[in-house]
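Raw contents of protein_3.txt, compact mmCIF, C-alpha atoms:
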```
# COMPACT_ATOMS: atom_id res chain seq x y z
CA MET A 1 -24.21 -21.42 -24.03
CA GLY A 2 -26.75 -20.75 -21.31
CA ASN A 3 -26.00 -22.10 -17.84
CA LEU A 4 -23.69 -24.91 -18.98
CA GLY A 5 -20.60 -23.12 -17.76
CA LEU A 6 -22.15 -22.44 -14.34
CA TYR A 7 -22.84 -26.04 -13.38
CA MET A 8 -20.52 -27.16 -10.59
CA ALA A 9 -19.64 -30.72 -9.69
CA ALA A 10 -21.04 -32.12 -6.46
CA THR A 11 -19.08 -31.81 -3.25
CA ALA A 12 -17.50 -35.05 -2.06
CA PHE A 13 -19.46 -36.89 0.64
CA LEU A 14 -16.15 -37.40 2.45
CA ASP A 15 -12.72 -35.81 2.04
CA LEU A 16 -10.55 -38.72 0.91
CA ASN A 17 -7.51 -37.00 2.43
CA SER A 18 -9.15 -37.35 5.86
CA ILE A 19 -8.95 -41.16 5.89
CA ASP A 20 -6.22 -43.77 5.51
CA LEU A 21 -6.65 -45.04 1.95
CA ASN A 22 -4.31 -47.96 2.70
CA GLN A 23 -6.56 -49.29 5.45
CA VAL A 24 -8.28 -52.59 4.78
CA VAL A 25 -11.74 -52.80 6.36
CA ALA A 26 -12.59 -55.71 4.03
CA ASN A 27 -10.37 -57.29 1.40
CA GLN A 28 -11.67 -58.71 -1.87
CA GLU A 29 -12.25 -62.17 -0.43
CA GLU A 30 -14.23 -60.75 2.51
CA ILE A 31 -16.31 -58.53 0.21
CA TYR A 32 -17.25 -61.42 -2.07
CA GLN A 33 -18.16 -63.67 0.85
CA ARG A 34 -21.12 -61.25 1.10
CA LEU A 35 -21.70 -60.65 -2.63
CA PRO A 36 -22.34 -63.38 -5.24
CA HIS A 37 -20.31 -61.84 -8.10
CA ARG A 38 -17.36 -63.82 -9.46
CA TYR A 39 -14.61 -63.75 -12.07
CA GLU A 40 -14.65 -60.62 -14.25
CA PHE A 41 -17.48 -59.15 -12.19
CA MET A 42 -15.55 -58.93 -8.95
CA GLN A 43 -15.16 -55.17 -9.28
CA LEU A 44 -13.96 -54.17 -5.81
CA ASP A 45 -10.46 -54.66 -4.48
CA ARG A 46 -11.11 -53.53 -0.92
CA ILE A 47 -13.22 -51.43 1.41
CA VAL A 48 -10.98 -48.78 3.00
CA TYR A 49 -13.56 -47.03 5.17
CA PHE A 50 -16.95 -47.94 6.59
CA ASN A 51 -19.11 -46.05 9.08
CA LYS A 52 -22.30 -48.00 9.77
CA GLU A 53 -23.98 -45.19 11.73
CA GLU A 54 -23.49 -42.69 8.90
CA GLY A 55 -24.07 -45.27 6.16
CA LEU A 56 -20.84 -44.15 4.53
CA ALA A 57 -18.22 -46.27 2.79
CA VAL A 58 -15.15 -45.85 0.63
CA ALA A 59 -14.00 -48.64 -1.67
CA LEU A 60 -11.05 -49.05 -4.01
CA ARG A 61 -11.22 -50.39 -7.54
CA GLU A 62 -7.84 -50.94 -9.13
CA VAL A 63 -8.37 -50.26 -12.84
CA ARG A 64 -5.85 -52.62 -14.47
CA GLU A 65 -4.42 -52.87 -17.97
CA ASP A 66 -5.19 -56.61 -18.15
CA GLU A 67 -8.98 -56.37 -17.64
CA PHE A 68 -11.34 -58.04 -20.12
CA TRP A 69 -12.70 -54.77 -21.56
CA VAL A 70 -9.36 -53.04 -22.24
CA LYS A 71 -8.70 -54.62 -25.66
CA GLY A 72 -12.07 -53.64 -27.12
CA HIS A 73 -13.27 -50.52 -25.31
CA ILE A 74 -11.53 -47.93 -27.44
CA PRO A 75 -8.46 -49.76 -28.85
CA GLY A 76 -5.31 -47.74 -28.35
CA ARG A 77 -6.93 -45.62 -25.63
CA PRO A 78 -8.84 -47.88 -23.25
CA LEU A 79 -11.51 -46.17 -21.17
CA LEU A 80 -13.25 -47.76 -18.20
CA PRO A 81 -16.85 -48.23 -19.41
CA GLY A 82 -19.48 -46.21 -17.55
CA VAL A 83 -21.55 -49.34 -17.04
CA LEU A 84 -18.67 -50.84 -15.06
CA MET A 85 -18.51 -47.71 -12.92
CA LEU A 86 -22.22 -48.22 -12.21
CA GLU A 87 -21.66 -51.91 -11.50
CA THR A 88 -18.83 -51.11 -9.10
CA ALA A 89 -20.93 -48.51 -7.29
CA ALA A 90 -23.71 -51.11 -7.00
CA HIS A 91 -21.25 -53.53 -5.38
CA VAL A 92 -20.36 -50.90 -2.77
CA ALA A 93 -24.08 -50.29 -2.16
CA SER A 94 -24.69 -54.03 -1.79
CA TYR A 95 -21.79 -54.38 0.64
CA CYS A 96 -23.11 -51.47 2.74
CA THR A 97 -26.62 -52.91 2.71
CA GLN A 98 -25.34 -56.30 3.90
CA GLU A 99 -23.37 -54.65 6.70
CA ILE A 100 -26.27 -52.44 7.82
CA ARG A 101 -29.14 -54.88 7.33
CA PRO A 102 -27.95 -58.44 6.59
CA ASP A 103 -30.21 -60.32 4.19
CA ASP A 104 -29.71 -63.62 2.34
CA ARG A 105 -31.49 -62.37 -0.75
CA PHE A 106 -29.61 -61.10 -3.82
CA LEU A 107 -29.65 -57.31 -4.05
CA GLY A 108 -30.07 -56.42 -7.73
CA PHE A 109 -30.44 -53.22 -9.68
CA GLY A 110 -33.78 -51.50 -9.23
CA GLY A 111 -32.62 -48.43 -11.11
CA VAL A 112 -30.13 -45.62 -11.39
CA GLU A 113 -30.80 -41.89 -11.26
CA ASN A 114 -28.92 -38.68 -11.88
CA VAL A 115 -25.88 -40.44 -13.32
CA LYS A 116 -23.13 -38.21 -14.64
CA PHE A 117 -19.75 -39.15 -16.05
CA ARG A 118 -17.43 -36.21 -15.47
CA GLY A 119 -14.12 -37.62 -16.66
CA VAL A 120 -12.42 -40.59 -18.26
CA VAL A 121 -10.68 -43.37 -16.39
CA GLU A 122 -7.72 -44.95 -18.16
CA PRO A 123 -5.75 -47.91 -16.79
CA PRO A 124 -3.77 -48.11 -14.68
CA ALA A 125 -5.68 -46.09 -12.10
CA LYS A 126 -6.89 -46.24 -8.54
CA MET A 127 -10.57 -45.34 -8.50
CA TYR A 128 -12.15 -44.64 -5.13
CA PHE A 129 -15.90 -44.96 -4.74
CA ILE A 130 -17.64 -43.10 -1.93
CA LEU A 131 -21.12 -44.35 -1.15
CA LYS A 132 -23.61 -42.66 1.16
CA MET A 133 -26.69 -44.70 1.98
CA VAL A 134 -29.90 -42.70 1.67
CA GLU A 135 -32.36 -45.50 2.46
CA CYS A 136 -31.89 -49.06 3.67
CA ARG A 137 -35.19 -50.91 3.96
CA PRO A 138 -36.09 -54.58 3.49
CA ARG A 139 -37.79 -53.86 0.14
CA ARG A 140 -35.46 -51.20 -1.29
CA THR A 141 -32.10 -49.58 -0.76
CA ILE A 142 -30.83 -46.31 -2.16
CA GLY A 143 -27.26 -45.08 -2.15
CA ASP A 144 -25.61 -42.02 -3.63
CA ALA A 145 -22.24 -42.84 -5.20
CA GLN A 146 -19.25 -40.82 -6.29
CA GLY A 147 -16.10 -42.01 -8.06
CA PHE A 148 -12.73 -40.28 -7.84
CA VAL A 149 -9.41 -40.72 -9.64
CA ASP A 150 -6.42 -38.63 -8.59
CA GLY A 151 -8.73 -36.55 -6.40
CA LYS A 152 -11.03 -35.63 -9.30
CA LEU A 153 -14.72 -36.51 -9.43
CA VAL A 154 -15.23 -38.66 -12.54
CA PHE A 155 -18.59 -40.28 -11.80
CA GLU A 156 -21.68 -39.76 -9.66
CA GLY A 157 -25.14 -41.23 -9.47
CA ARG A 158 -27.86 -42.75 -7.34
CA ILE A 159 -28.03 -46.54 -7.10
CA ILE A 160 -31.36 -48.19 -6.28
CA GLY A 161 -31.30 -51.79 -5.14
CA LEU A 162 -34.10 -54.32 -4.87
CA PRO A 163 -33.81 -57.73 -3.16
CA PHE A 164 -34.65 -60.78 -5.23
```

Is it possible to express this structure as structure tokens?
Amino acid sequence: MGNLGLYMAATAFLDLNSIDLNQVVANQEEIYQRLPHRYEFMQLDRIVYFNKEEGLAVALREVREDEFWVKGHIPGRPLLPGVLMLETAAHVASYCTQEIRPDDRFLGFGGVENVKFRGVVEPPAKMYFILKMVECRPRRTIGDAQGFVDGKLVFEGRIIGLPF
């Protein structure tokens, strides 16, 4: 089995118990005034924490039983697709970028790195995304993302954004 049993999950960038998860820094309407996504691709419900100086944000995604993917992504046992976790993390990164360095250009995917899915997410669930900005430049942004459900790390990865 080698070192597989020795690998430990990453430490959270922020202890979620240290902040008010009911706080509303930005509601869905305010988030999507900054981001162009609409309809099924409005992945964020609210930003509950944002620290511009630290480049740190926490966002909530309510995983609902009536979402478009539920019927077909494992009938009888719906699982939030990993690509939607990535998309949601990218929305948090885009929101942070717009708050730190406003820009009228669309911030699209430039890549993802070190992505790991550490657990399943079944509706209904409250999934909290913590994003820590690593780099925020006019030509590229990088943010490290983590996703938690019930206090357990279920997703992590690096999101790279490029303006278009």

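Atom CA of Ala93 of chain A sits 9.8 Å away from atom CA of Cys136 of chain A.
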
### Task
Would you kindly identify which residues have an atom no farther than 12 Å from (-28.4, -56.3, -6.0), using only C-alpha atoms and the file's own coordinates, and write them out as a ChimeraX atom specification?
/A:34-37,86-98,103-111,139-143,159-164

Output C-alpha atoms of each residue in that selection to a file, as a compact mmCIF listing (two decimals), keeping the file's coordinate frame.
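The resulting out.txt:
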```
# COMPACT_ATOMS: atom_id res chain seq x y z
CA ARG A 34 -21.12 -61.25 1.10
CA LEU A 35 -21.70 -60.65 -2.63
CA PRO A 36 -22.34 -63.38 -5.24
CA HIS A 37 -20.31 -61.84 -8.10
CA LEU A 86 -22.22 -48.22 -12.21
CA GLU A 87 -21.66 -51.91 -11.50
CA THR A 88 -18.83 -51.11 -9.10
CA ALA A 89 -20.93 -48.51 -7.29
CA ALA A 90 -23.71 -51.11 -7.00
CA HIS A 91 -21.25 -53.53 -5.38
CA VAL A 92 -20.36 -50.90 -2.77
CA ALA A 93 -24.08 -50.29 -2.16
CA SER A 94 -24.69 -54.03 -1.79
CA TYR A 95 -21.79 -54.38 0.64
CA CYS A 96 -23.11 -51.47 2.74
CA THR A 97 -26.62 -52.91 2.71
CA GLN A 98 -25.34 -56.30 3.90
CA ASP A 103 -30.21 -60.32 4.19
CA ASP A 104 -29.71 -63.62 2.34
CA ARG A 105 -31.49 -62.37 -0.75
CA PHE A 106 -29.61 -61.10 -3.82
CA LEU A 107 -29.65 -57.31 -4.05
CA GLY A 108 -30.07 -56.42 -7.73
CA PHE A 109 -30.44 -53.22 -9.68
CA GLY A 110 -33.78 -51.50 -9.23
CA GLY A 111 -32.62 -48.43 -11.11
CA ARG A 139 -37.79 -53.86 0.14
CA ARG A 140 -35.46 -51.20 -1.29
CA THR A 141 -32.10 -49.58 -0.76
CA ILE A 142 -30.83 -46.31 -2.16
CA GLY A 143 -27.26 -45.08 -2.15
CA ILE A 159 -28.03 -46.54 -7.10
CA ILE A 160 -31.36 -48.19 -6.28
CA GLY A 161 -31.30 -51.79 -5.14
CA LEU A 162 -34.10 -54.32 -4.87
CA PRO A 163 -33.81 -57.73 -3.16
CA PHE A 164 -34.65 -60.78 -5.23
```

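Excluding segment 9-23 of chain A itself and same-chain residues fewer than 4 positions from it, the residues having an atom within 8 Å of it are Val48, Tyr49, Ile130, Leu131, Lys132, Gln146, Gly151 and Leu153 of chain A, counting only C-alpha atoms.
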
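Taking atom CA of Phe129 of chain A as the reference point, atom CA of Ile100 of chain A is found at 17.9 Å.
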
Set the distance at 8 Å and use all atoms listed in the file: which residues neighbour Gly157 of chain A once local chain neighbours fewer than 4 positions away are removed? I'd like the list as a PDB file with C-alpha atoms, in the frame of the given file.
```pdb
ATOM      1  CA  VAL A 112     -30.130 -45.620 -11.390  1.00  0.00           C
ATOM      2  CA  GLU A 113     -30.800 -41.890 -11.260  1.00  0.00           C
ATOM      3  CA  ASN A 114     -28.920 -38.680 -11.880  1.00  0.00           C
ATOM      4  CA  VAL A 115     -25.880 -40.440 -13.320  1.00  0.00           C
ATOM      5  CA  LYS A 116     -23.130 -38.210 -14.640  1.00  0.00           C
ATOM      6  CA  ASP A 144     -25.610 -42.020  -3.630  1.00  0.00           C
ATOM      7  CA  ALA A 145     -22.240 -42.840  -5.200  1.00  0.00           C
ATOM      8  CA  GLN A 146     -19.250 -40.820  -6.290  1.00  0.00           C
TER       9      GLN A 146
END
```

Atom pair atom CA of Asp150 of chain A + atom CA of Arg118 of chain A, distance 13.2 Å

Of A:Ala57, A:Leu80, A:Ile31, A:Val120, the one sitting nearest Lys152 of chain A when using only C-alpha atoms is A:Val120

Mind checking which residues fall within 7 Å of Phe117 of chain A, counting all atoms listed in the file, ignoring those fewer than 4 positions away in the same chain, and posting them as a ChimeraX atom specification?
/A:154-156

Practice item. In the coordinates of the file, take the point (-5.5, -52.8, -10.9) and a cut-off of 10 Å; then, counting all atoms listed in the file, name each qualifying protein, DNA or RNA residue as a PyMOL selection string. Key: chain A and resi 44-45+60-67+123-127

Shortest contact to Gln28 of chain A, candidates A:Ile47, A:Gly76, A:Glu40, A:Val149, atoms counted all atoms listed in the file, goes to A:Ile47
